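**Q** Below are the C-alpha cells for one structure; questions will follow.
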Amino acid sequence: MAQDGDILLGLLGQSLGHSLSPVIHQAFFDELGLSGRYDKIEVPDAASVPSTLEDLSASGYRGLNVTIPYKLTVLPQLAALDVSATLAGAVNTIKFDPTPTGYNTDVSGLAEALYQLDLSGEGRVVVLGNGGAARAAVIAVSTLGFKSLQVVSRDHAKARAMLDQLLQTAERQSLIANCRQAGLTSFEDLVGPGADFHEDVSLVINATPIGQKNDHIPDNLLQFFKSVGGPGKCFVDLVYGKAGTPLTGVAQQAGFERIADGMEMLIQQARLAFKIWTGQLPDGQLARKRLNEKA
Ligand code: NAP
C-alpha cells in the first residue's frame, strides 16, 4: 500500500509477469533511502494507453517505464520529447511533470554497458536484428566511435528503413556518421561466399529475441560465431538470463574474449530513468546483488 509522499513509478506494457524492473527499482529506493513503489501496469491494447496515462498522472504517478509493445504508441500522448527520445525514435521512460515528457534511456544504458567492456572502437560491429533494440544498438555503437557496421536481418526492407530513419536528421547523421560502411546481410548469408566481412568483426550484438525462450539456434548463426570468435572479440547479447543465455554460451565456445548478456544494459537504463524521476542516480550495486540472488 502506498503511503502519502511515496514516489509512485511503474512499467507500462504487456506480458510483464517476468519483468525484473520492480526488483531493480525497489533496490534503488532502498539504496537511496527513498520510500516508493514500482508497479507493473499491464495494458491490454494500444487503444487503452491514452486513458491509462491520464489515470496514472491523476493518481500521482511520478513516472513510468514503457516497454513492448508501447514504445511508439505513447508518442502522441506526450506533451514534450527529450532529445534522447527524438534521437532514438522511441520512448522507454515518461516523467509526469505534471504533463508527460518522453525520454529514452535504452541507448545511453546500452552505451554505458558497452563502455564497461572497454571496447576499442575499432573493427566492424555486427548487429543482429532491426527492431527497437537494434536501433538503440546502432546509435550506441556509433557514439562509441565504431566506423563499420553490418546489420543482419530477416527483412532487408525493414533494416534499410531503420538505417534510413537513423540518418534522417542532422543529429542522427552526426551520431551515425562514423558508420561509413553500413551494410546489410540476411541471416541466410551470414556464412558462405558473400560473407567476406568476418575478419574485421570485433563486436557482435544480438538485438533479437533469439535464445530467449531456449529456442533452436540456426546452424548458420552457430557457424558465424565459430568463424568470428577468437582473442579480442566481444559479444553482447541484449537478451538476459539466469546464468548467461544460449548465445553467450555459443560465444564462449567460439572463443570470444569478452562476453556480456543484457543484464547490465537493463540496470543501466533503469539507473538513468530513476535519475530522471527522482534527481538521484543509484550506483546499482544493490540491484545487481538482488538480481544475482534471484538467479
Ligand atoms: P522488436 O522491436 O520486436 O524487434 C525484434 C527483432 O528481432 C526484429 O528485428 C525481428 O525481426 C528479430 N527477430 C525476432 N525473432 C527472430 C528470429 N527467430 N530470427 C531472426 N530475427 C528475429 O524487439 P526489441 O525491443 O528490439 O527487443 C529485441 C530483444 O532485445 C528482446 O529479446 C528484448 O528482450 C531485448 N532487449 C533487452 C533490453 C535490455 O535492457 N537488456 C532492452 C531492450 C530489448 P523481424 O523484423 O524479421 O521480425
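Ligands are numbered from 1 in the order shown, residues from 1 within each chain, and chains are lettered A, B, ... in the order they appear in the C-alpha cells.
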Would you pick out the contacts of segment 134-149 of chain A at 7 Å or less, using only C-alpha atoms, so that residues sharing its chain but fewer than 3 positions from it are not included, and give the list as number ranges by chain?

**A** A: 88, 106-108, 110-111, 121-127, 129-131, 162, 175-176, 178-183, 207

**Q** Give the residue list for ligand 1 at 6 Å, counting only C-alpha atoms and all ligand atoms, as a list in words, sorted by chain and then by residue number.

**A**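 Sorted by chain and then by number, the residues are Gly129, Asn130, Gly131, Gly132, Ala133, Ala134, Arg154, Asp155, Ala207, Thr208, Pro209, Ile210, Leu238, Val239, Gly262, Met263, Met265 and Leu266 of chain A.
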
**Q** From the list A:Thr99, A:Ser21, A:Ser120, A:Thr86, which residue is nearest Thr169 of chain A when using only C-alpha atoms?

**A**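 Distance minimum relative to Thr169 of chain A lands on A:Thr86.
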
**Q** Leu8 of chain A: which residues within 6 Å, counting only C-alpha atoms, same-chain residues fewer than 3 positions away excluded, as a PyMOL selection string?

**A** chain A and resi 36-37+61-62

**Q** Show me, as a list in words, the residues that have an atom within 10 Å of Phe256 of chain A when counting only C-alpha atoms, minus same-chain residues fewer than 6 positions from it.

**A**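 Near Phe256 of chain A, the qualifying residues are Ser202, Leu203, Val204, Phe225, Lys226, Val228, Gly229, Gly230, Pro231, Gly232, Lys233, Cys234, Phe235, Thr248 and Val250 of chain A.
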
**Q** What does the file look like for those residues with N, CA and C atoms, as a tab-separated table (two decimals), in the first residue's frame?

**A**
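Dumped to part_8.tsv:
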chain	number	residue	atom	x	y	z
A	202	SER	N	34.78	-7.08	-34.72
A	202	SER	CA	35.33	-7.03	-33.36
A	202	SER	C	34.23	-7.14	-32.30
A	203	LEU	N	32.99	-6.80	-32.68
A	203	LEU	CA	31.89	-6.82	-31.71
A	203	LEU	C	30.63	-7.33	-32.38
A	204	VAL	N	29.97	-8.27	-31.75
A	204	VAL	CA	28.67	-8.76	-32.23
A	204	VAL	C	27.64	-8.44	-31.15
A	225	PHE	N	29.33	-17.58	-35.51
A	225	PHE	CA	30.04	-17.37	-34.24
A	225	PHE	C	31.39	-18.07	-34.27
A	226	LYS	N	31.42	-19.31	-34.78
A	226	LYS	CA	32.69	-20.06	-34.85
A	226	LYS	C	33.71	-19.33	-35.70
A	228	VAL	N	33.87	-16.14	-36.40
A	228	VAL	CA	34.26	-14.80	-35.93
A	228	VAL	C	35.02	-14.85	-34.60
A	229	GLY	N	34.71	-15.86	-33.75
A	229	GLY	CA	35.26	-15.89	-32.39
A	229	GLY	C	36.78	-15.92	-32.34
A	230	GLY	N	37.31	-15.49	-31.19
A	230	GLY	CA	38.77	-15.51	-31.02
A	230	GLY	C	39.20	-14.43	-30.05
A	231	PRO	N	40.50	-14.34	-29.78
A	231	PRO	CA	41.00	-13.34	-28.84
A	231	PRO	C	40.62	-11.92	-29.27
A	232	GLY	N	40.26	-11.11	-28.31
A	232	GLY	CA	39.91	-9.71	-28.59
A	232	GLY	C	38.49	-9.50	-29.07
A	233	LYS	N	37.78	-10.58	-29.39
A	233	LYS	CA	36.42	-10.43	-29.93
A	233	LYS	C	35.40	-10.30	-28.79
A	234	CYS	N	34.38	-9.47	-29.02
A	234	CYS	CA	33.36	-9.23	-27.98
A	234	CYS	C	31.98	-9.63	-28.47
A	235	PHE	N	31.19	-10.16	-27.57
A	235	PHE	CA	29.80	-10.46	-27.89
A	235	PHE	C	28.90	-9.92	-26.77
A	248	THR	N	25.25	-16.49	-25.32
A	248	THR	CA	26.53	-16.22	-24.64
A	248	THR	C	27.31	-17.53	-24.50
A	250	VAL	N	27.21	-20.00	-26.70
A	250	VAL	CA	27.76	-20.24	-28.04
A	250	VAL	C	29.03	-19.39	-28.24

**Q** When you look at Leu12 of chain A with a cut-off of 10 Å (counting only C-alpha atoms), what residues show up, excluding the ones that are within fewer than 6 positions of it in the same chain? I need them as a list in words.

**A**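 What passes the distance filter is Asp39, Lys40, Ile41, Glu42, Val43, Val49, Thr52, Leu53, Leu64, Asn65, Val66, Thr67, Ile68, Pro69, Tyr70, Lys71, Val74, Asn92, Thr93 and Ile94 of chain A.
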
**Q** Please report the interatomic distance between atom CA of Ala113 of chain A and atom CA of His198 of chain A in Å with one decimal.

**A** 23.9 Å

**Q** Pull the strand (DSSP E or B) assignments for segment 127-269 of chain A out of DSSP run on the backbone, and list those residues as a PDB file with all heavy atoms, in the first residue's frame.

**A**
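Output saved as states10.pdb:
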ATOM      1  N   VAL A 127      25.310  -6.123 -35.863  1.00  0.00           N
ATOM      2  CA  VAL A 127      24.096  -6.048 -35.044  1.00  0.00           C
ATOM      3  C   VAL A 127      23.074  -7.002 -35.646  1.00  0.00           C
ATOM      4  O   VAL A 127      22.711  -6.877 -36.822  1.00  0.00           O
ATOM      5  CB  VAL A 127      23.526  -4.606 -35.025  1.00  0.00           C
ATOM      6  CG1 VAL A 127      22.180  -4.568 -34.306  1.00  0.00           C
ATOM      7  CG2 VAL A 127      24.517  -3.658 -34.349  1.00  0.00           C
ATOM      8  N   LEU A 128      22.635  -7.974 -34.853  1.00  0.00           N
ATOM      9  CA  LEU A 128      21.592  -8.900 -35.297  1.00  0.00           C
ATOM     10  C   LEU A 128      20.238  -8.307 -34.927  1.00  0.00           C
ATOM     11  O   LEU A 128      19.975  -8.055 -33.755  1.00  0.00           O
ATOM     12  CB  LEU A 128      21.739 -10.262 -34.606  1.00  0.00           C
ATOM     13  CG  LEU A 128      23.100 -10.962 -34.662  1.00  0.00           C
ATOM     14  CD1 LEU A 128      23.058 -12.262 -33.854  1.00  0.00           C
ATOM     15  CD2 LEU A 128      23.504 -11.257 -36.099  1.00  0.00           C
ATOM     16  N   SER A 148      32.456   0.890 -38.737  1.00  0.00           N
ATOM     17  CA  SER A 148      31.920  -0.018 -39.731  1.00  0.00           C
ATOM     18  C   SER A 148      30.836  -0.887 -39.097  1.00  0.00           C
ATOM     19  O   SER A 148      31.009  -1.386 -37.986  1.00  0.00           O
ATOM     20  CB  SER A 148      33.064  -0.866 -40.271  1.00  0.00           C
ATOM     21  OG  SER A 148      32.566  -1.769 -41.197  1.00  0.00           O
ATOM     22  N   LEU A 149      29.740  -1.040 -39.831  1.00  0.00           N
ATOM     23  CA  LEU A 149      28.562  -1.672 -39.244  1.00  0.00           C
ATOM     24  C   LEU A 149      27.930  -2.634 -40.231  1.00  0.00           C
ATOM     25  O   LEU A 149      27.823  -2.337 -41.416  1.00  0.00           O
ATOM     26  CB  LEU A 149      27.551  -0.554 -38.911  1.00  0.00           C
ATOM     27  CG  LEU A 149      26.147  -0.955 -38.504  1.00  0.00           C
ATOM     28  CD1 LEU A 149      26.168  -1.594 -37.129  1.00  0.00           C
ATOM     29  CD2 LEU A 149      25.242   0.269 -38.502  1.00  0.00           C
ATOM     30  N   GLN A 150      27.535  -3.789 -39.737  1.00  0.00           N
ATOM     31  CA  GLN A 150      26.791  -4.747 -40.547  1.00  0.00           C
ATOM     32  C   GLN A 150      25.513  -5.077 -39.789  1.00  0.00           C
ATOM     33  O   GLN A 150      25.580  -5.488 -38.626  1.00  0.00           O
ATOM     34  CB  GLN A 150      27.638  -6.026 -40.715  1.00  0.00           C
ATOM     35  CG  GLN A 150      27.247  -6.893 -41.856  1.00  0.00           C
ATOM     36  CD  GLN A 150      27.870  -6.408 -43.167  1.00  0.00           C
ATOM     37  OE1 GLN A 150      28.887  -5.717 -43.142  1.00  0.00           O
ATOM     38  NE2 GLN A 150      27.278  -6.761 -44.283  1.00  0.00           N
ATOM     39  N   VAL A 151      24.365  -4.852 -40.403  1.00  0.00           N
ATOM     40  CA  VAL A 151      23.095  -5.182 -39.758  1.00  0.00           C
ATOM     41  C   VAL A 151      22.602  -6.486 -40.371  1.00  0.00           C
ATOM     42  O   VAL A 151      22.515  -6.602 -41.598  1.00  0.00           O
ATOM     43  CB  VAL A 151      22.055  -4.063 -39.956  1.00  0.00           C
ATOM     44  CG1 VAL A 151      20.682  -4.490 -39.450  1.00  0.00           C
ATOM     45  CG2 VAL A 151      22.510  -2.794 -39.236  1.00  0.00           C
ATOM     46  N   VAL A 152      22.306  -7.457 -39.519  1.00  0.00           N
ATOM     47  CA  VAL A 152      21.832  -8.755 -40.007  1.00  0.00           C
ATOM     48  C   VAL A 152      20.346  -8.870 -39.686  1.00  0.00           C
ATOM     49  O   VAL A 152      19.947  -8.747 -38.533  1.00  0.00           O
ATOM     50  CB  VAL A 152      22.612  -9.904 -39.338  1.00  0.00           C
ATOM     51  CG1 VAL A 152      22.131 -11.253 -39.862  1.00  0.00           C
ATOM     52  CG2 VAL A 152      24.100  -9.728 -39.575  1.00  0.00           C
ATOM     53  N   GLY A 183      26.233  -1.848 -43.713  1.00  0.00           N
ATOM     54  CA  GLY A 183      25.921  -2.946 -44.628  1.00  0.00           C
ATOM     55  C   GLY A 183      24.758  -3.756 -44.117  1.00  0.00           C
ATOM     56  O   GLY A 183      24.443  -3.727 -42.940  1.00  0.00           O
ATOM     57  N   LEU A 184      24.139  -4.467 -45.009  1.00  0.00           N
ATOM     58  CA  LEU A 184      23.019  -5.319 -44.637  1.00  0.00           C
ATOM     59  C   LEU A 184      23.292  -6.747 -45.080  1.00  0.00           C
ATOM     60  O   LEU A 184      23.772  -6.973 -46.181  1.00  0.00           O
ATOM     61  CB  LEU A 184      21.747  -4.855 -45.350  1.00  0.00           C
ATOM     62  CG  LEU A 184      21.086  -3.593 -44.841  1.00  0.00           C
ATOM     63  CD1 LEU A 184      19.854  -3.277 -45.682  1.00  0.00           C
ATOM     64  CD2 LEU A 184      20.686  -3.772 -43.396  1.00  0.00           C
ATOM     65  N   THR A 185      22.971  -7.684 -44.223  1.00  0.00           N
ATOM     66  CA  THR A 185      23.129  -9.098 -44.556  1.00  0.00           C
ATOM     67  C   THR A 185      21.889  -9.827 -44.062  1.00  0.00           C
ATOM     68  O   THR A 185      21.323  -9.431 -43.051  1.00  0.00           O
ATOM     69  CB  THR A 185      24.359  -9.690 -43.809  1.00  0.00           C
ATOM     70  OG1 THR A 185      25.478  -8.863 -44.064  1.00  0.00           O
ATOM     71  CG2 THR A 185      24.664 -11.095 -44.248  1.00  0.00           C
ATOM     72  N   VAL A 201      35.402  -8.307 -37.934  1.00  0.00           N
ATOM     73  CA  VAL A 201      34.402  -8.159 -36.870  1.00  0.00           C
ATOM     74  C   VAL A 201      35.068  -8.127 -35.497  1.00  0.00           C
ATOM     75  O   VAL A 201      35.844  -9.013 -35.148  1.00  0.00           O
ATOM     76  CB  VAL A 201      33.378  -9.324 -36.924  1.00  0.00           C
ATOM     77  CG1 VAL A 201      32.411  -9.250 -35.743  1.00  0.00           C
ATOM     78  CG2 VAL A 201      32.613  -9.302 -38.239  1.00  0.00           C
ATOM     79  N   SER A 202      34.779  -7.077 -34.718  1.00  0.00           N
ATOM     80  CA  SER A 202      35.333  -7.032 -33.357  1.00  0.00           C
ATOM     81  C   SER A 202      34.232  -7.138 -32.300  1.00  0.00           C
ATOM     82  O   SER A 202      34.499  -7.506 -31.169  1.00  0.00           O
ATOM     83  CB  SER A 202      36.132  -5.747 -33.143  1.00  0.00           C
ATOM     84  OG  SER A 202      35.320  -4.627 -33.388  1.00  0.00           O
ATOM     85  N   LEU A 203      32.994  -6.800 -32.681  1.00  0.00           N
ATOM     86  CA  LEU A 203      31.893  -6.818 -31.707  1.00  0.00           C
ATOM     87  C   LEU A 203      30.626  -7.328 -32.384  1.00  0.00           C
ATOM     88  O   LEU A 203      30.275  -6.859 -33.472  1.00  0.00           O
ATOM     89  CB  LEU A 203      31.664  -5.387 -31.185  1.00  0.00           C
ATOM     90  CG  LEU A 203      30.400  -5.110 -30.382  1.00  0.00           C
ATOM     91  CD1 LEU A 203      30.400  -5.878 -29.053  1.00  0.00           C
ATOM     92  CD2 LEU A 203      30.264  -3.609 -30.097  1.00  0.00           C
ATOM     93  N   VAL A 204      29.971  -8.274 -31.748  1.00  0.00           N
ATOM     94  CA  VAL A 204      28.670  -8.761 -32.233  1.00  0.00           C
ATOM     95  C   VAL A 204      27.638  -8.444 -31.150  1.00  0.00           C
ATOM     96  O   VAL A 204      27.883  -8.691 -29.960  1.00  0.00           O
ATOM     97  CB  VAL A 204      28.691 -10.286 -32.497  1.00  0.00           C
ATOM     98  CG1 VAL A 204      27.323 -10.780 -32.969  1.00  0.00           C
ATOM     99  CG2 VAL A 204      29.767 -10.646 -33.518  1.00  0.00           C
ATOM    100  N   ILE A 205      26.514  -7.860 -31.557  1.00  0.00           N
ATOM    101  CA  ILE A 205      25.434  -7.573 -30.605  1.00  0.00           C
ATOM    102  C   ILE A 205      24.176  -8.293 -31.077  1.00  0.00           C
ATOM    103  O   ILE A 205      23.733  -8.098 -32.213  1.00  0.00           O
ATOM    104  CB  ILE A 205      25.134  -6.054 -30.531  1.00  0.00           C
ATOM    105  CG1 ILE A 205      26.387  -5.294 -30.088  1.00  0.00           C
ATOM    106  CG2 ILE A 205      23.978  -5.773 -29.569  1.00  0.00           C
ATOM    107  CD1 ILE A 205      26.213  -3.777 -30.048  1.00  0.00           C
ATOM    108  N   ASN A 206      23.614  -9.123 -30.212  1.00  0.00           N
ATOM    109  CA  ASN A 206      22.332  -9.738 -30.560  1.00  0.00           C
ATOM    110  C   ASN A 206      21.194  -8.858 -30.053  1.00  0.00           C
ATOM    111  O   ASN A 206      20.999  -8.714 -28.847  1.00  0.00           O
ATOM    112  CB  ASN A 206      22.193 -11.132 -29.943  1.00  0.00           C
ATOM    113  CG  ASN A 206      20.799 -11.697 -30.198  1.00  0.00           C
ATOM    114  OD1 ASN A 206      20.240 -11.525 -31.288  1.00  0.00           O
ATOM    115  ND2 ASN A 206      20.210 -12.341 -29.205  1.00  0.00           N
ATOM    116  N   CYS A 234      34.378  -9.469 -29.019  1.00  0.00           N
ATOM    117  CA  CYS A 234      33.362  -9.231 -27.978  1.00  0.00           C
ATOM    118  C   CYS A 234      31.983  -9.627 -28.470  1.00  0.00           C
ATOM    119  O   CYS A 234      31.656  -9.397 -29.639  1.00  0.00           O
ATOM    120  CB  CYS A 234      33.284  -7.747 -27.619  1.00  0.00           C
ATOM    121  SG  CYS A 234      34.807  -7.136 -26.966  1.00  0.00           S
ATOM    122  N   PHE A 235      31.191 -10.155 -27.571  1.00  0.00           N
ATOM    123  CA  PHE A 235      29.797 -10.456 -27.887  1.00  0.00           C
ATOM    124  C   PHE A 235      28.901  -9.925 -26.766  1.00  0.00           C
ATOM    125  O   PHE A 235      29.161 -10.185 -25.589  1.00  0.00           O
ATOM    126  CB  PHE A 235      29.558 -11.964 -28.041  1.00  0.00           C
ATOM    127  CG  PHE A 235      28.091 -12.297 -28.185  1.00  0.00           C
ATOM    128  CD1 PHE A 235      27.356 -11.793 -29.252  1.00  0.00           C
ATOM    129  CD2 PHE A 235      27.438 -13.087 -27.245  1.00  0.00           C
ATOM    130  CE1 PHE A 235      25.990 -12.057 -29.376  1.00  0.00           C
ATOM    131  CE2 PHE A 235      26.079 -13.366 -27.368  1.00  0.00           C
ATOM    132  CZ  PHE A 235      25.357 -12.848 -28.445  1.00  0.00           C
ATOM    133  N   VAL A 236      27.878  -9.182 -27.149  1.00  0.00           N
ATOM    134  CA  VAL A 236      26.901  -8.691 -26.185  1.00  0.00           C
ATOM    135  C   VAL A 236      25.525  -9.164 -26.624  1.00  0.00           C
ATOM    136  O   VAL A 236      25.084  -8.878 -27.744  1.00  0.00           O
ATOM    137  CB  VAL A 236      26.921  -7.146 -26.098  1.00  0.00           C
ATOM    138  CG1 VAL A 236      25.839  -6.659 -25.142  1.00  0.00           C
ATOM    139  CG2 VAL A 236      28.294  -6.665 -25.640  1.00  0.00           C
ATOM    140  N   ASP A 237      24.868  -9.923 -25.746  1.00  0.00           N
ATOM    141  CA  ASP A 237      23.508 -10.399 -26.005  1.00  0.00           C
ATOM    142  C   ASP A 237      22.562  -9.490 -25.241  1.00  0.00           C
ATOM    143  O   ASP A 237      22.704  -9.355 -24.021  1.00  0.00           O
ATOM    144  CB  ASP A 237      23.388 -11.846 -25.495  1.00  0.00           C
ATOM    145  CG  ASP A 237      22.153 -12.533 -26.039  1.00  0.00           C
ATOM    146  OD1 ASP A 237      21.316 -11.851 -26.668  1.00  0.00           O
ATOM    147  OD2 ASP A 237      22.039 -13.759 -25.837  1.00  0.00           O
ATOM    148  N   LYS A 242      19.414 -16.318 -16.466  1.00  0.00           N
ATOM    149  CA  LYS A 242      19.840 -16.562 -15.084  1.00  0.00           C
ATOM    150  C   LYS A 242      21.348 -16.774 -15.007  1.00  0.00           C
ATOM    151  O   LYS A 242      22.004 -16.231 -14.150  1.00  0.00           O
ATOM    152  CB  LYS A 242      19.092 -17.756 -14.512  1.00  0.00           C
ATOM    153  CG  LYS A 242      17.645 -17.381 -14.236  1.00  0.00           C
ATOM    154  CD  LYS A 242      16.930 -18.402 -13.408  1.00  0.00           C
ATOM    155  CE  LYS A 242      15.563 -17.838 -13.038  1.00  0.00           C
ATOM    156  NZ  LYS A 242      14.616 -18.848 -12.624  1.00  0.00           N
ATOM    157  N   GLY A 244      23.747 -16.439 -17.829  1.00  0.00           N
ATOM    158  CA  GLY A 244      24.053 -16.220 -19.236  1.00  0.00           C
ATOM    159  C   GLY A 244      22.856 -16.625 -20.088  1.00  0.00           C
ATOM    160  O   GLY A 244      21.766 -16.881 -19.578  1.00  0.00           O
ATOM    161  N   ARG A 258      35.468 -11.278 -24.619  1.00  0.00           N
ATOM    162  CA  ARG A 258      34.606 -10.555 -23.682  1.00  0.00           C
ATOM    163  C   ARG A 258      33.153 -10.781 -24.066  1.00  0.00           C
ATOM    164  O   ARG A 258      32.771 -10.550 -25.216  1.00  0.00           O
ATOM    165  CB  ARG A 258      34.937  -9.067 -23.678  1.00  0.00           C
ATOM    166  CG  ARG A 258      36.083  -8.755 -22.727  1.00  0.00           C
ATOM    167  CD  ARG A 258      36.657  -7.406 -22.977  1.00  0.00           C
ATOM    168  NE  ARG A 258      37.425  -7.399 -24.202  1.00  0.00           N
ATOM    169  CZ  ARG A 258      37.894  -6.321 -24.803  1.00  0.00           C
ATOM    170  NH1 ARG A 258      37.648  -5.143 -24.306  1.00  0.00           N
ATOM    171  NH2 ARG A 258      38.601  -6.408 -25.902  1.00  0.00           N
ATOM    172  N   ILE A 259      32.387 -11.229 -23.088  1.00  0.00           N
ATOM    173  CA  ILE A 259      31.002 -11.644 -23.362  1.00  0.00           C
ATOM    174  C   ILE A 259      30.101 -11.078 -22.267  1.00  0.00           C
ATOM    175  O   ILE A 259      30.456 -11.139 -21.086  1.00  0.00           O
ATOM    176  CB  ILE A 259      30.897 -13.190 -23.346  1.00  0.00           C
ATOM    177  CG1 ILE A 259      31.805 -13.790 -24.422  1.00  0.00           C
ATOM    178  CG2 ILE A 259      29.459 -13.651 -23.531  1.00  0.00           C
ATOM    179  CD1 ILE A 259      31.952 -15.295 -24.358  1.00  0.00           C
ATOM    180  N   ALA A 260      28.983 -10.497 -22.678  1.00  0.00           N
ATOM    181  CA  ALA A 260      28.040  -9.996 -21.666  1.00  0.00           C
ATOM    182  C   ALA A 260      26.625 -10.259 -22.137  1.00  0.00           C
ATOM    183  O   ALA A 260      26.352 -10.240 -23.338  1.00  0.00           O
ATOM    184  CB  ALA A 260      28.245  -8.496 -21.467  1.00  0.00           C
TER     185      ALA A 260
END

**Q** Mind checking which residues fall within 9 Å of Leu34 of chain A, counting only C-alpha atoms, ignoring those fewer than 5 positions away in the same chain, and posting them as a PyMOL selection string?

**A** chain A and resi 6-7+28-29

**Q** Could you give me the residues within segment 79-258 of chain A that DSSP places in helix (DSSP H, G or I), as a PyMOL selection string?

**A** chain A and resi 83-88+106-115+132-143+156-166+170-176+188-190+198-200+219-228+246-253

**Q** From the list A:Ile217, A:Ser174, A:Trp277, A:Arg271, which residue is nearest Pro98 of chain A when using only C-alpha atoms?

**A**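 Going through A:Ile217, A:Ser174, A:Trp277, A:Arg271 one by one, the smallest distance to Pro98 of chain A is for A:Trp277.
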
**Q** Can you work out which one of A:Leu16, A:Leu272, A:Ile24, A:Leu222 has the shortest atom-to-atom distance to Gln285 of chain A, counting only C-alpha atoms?

**A**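 Going through A:Leu16, A:Leu272, A:Ile24, A:Leu222 one by one, the smallest distance to Gln285 of chain A is for A:Ile24.
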
**Q** With distances taken over only C-alpha atoms, which residue among A:Lys95, A:Gln26, A:Leu87, A:Glu31 lies nearest Ala273 of chain A?

**A**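 Looking only at the distances to Ala273 of chain A, the closest residue turns out to be A:Lys95.
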
**Q** Might you pull out every residue within 8 Å of Ala287 of chain A, with only C-alpha atoms counted and same-chain residues fewer than 3 positions away left off, and present them as number ranges by chain?

**A** A: 23-25, 27-28, 267, 284, 290-291
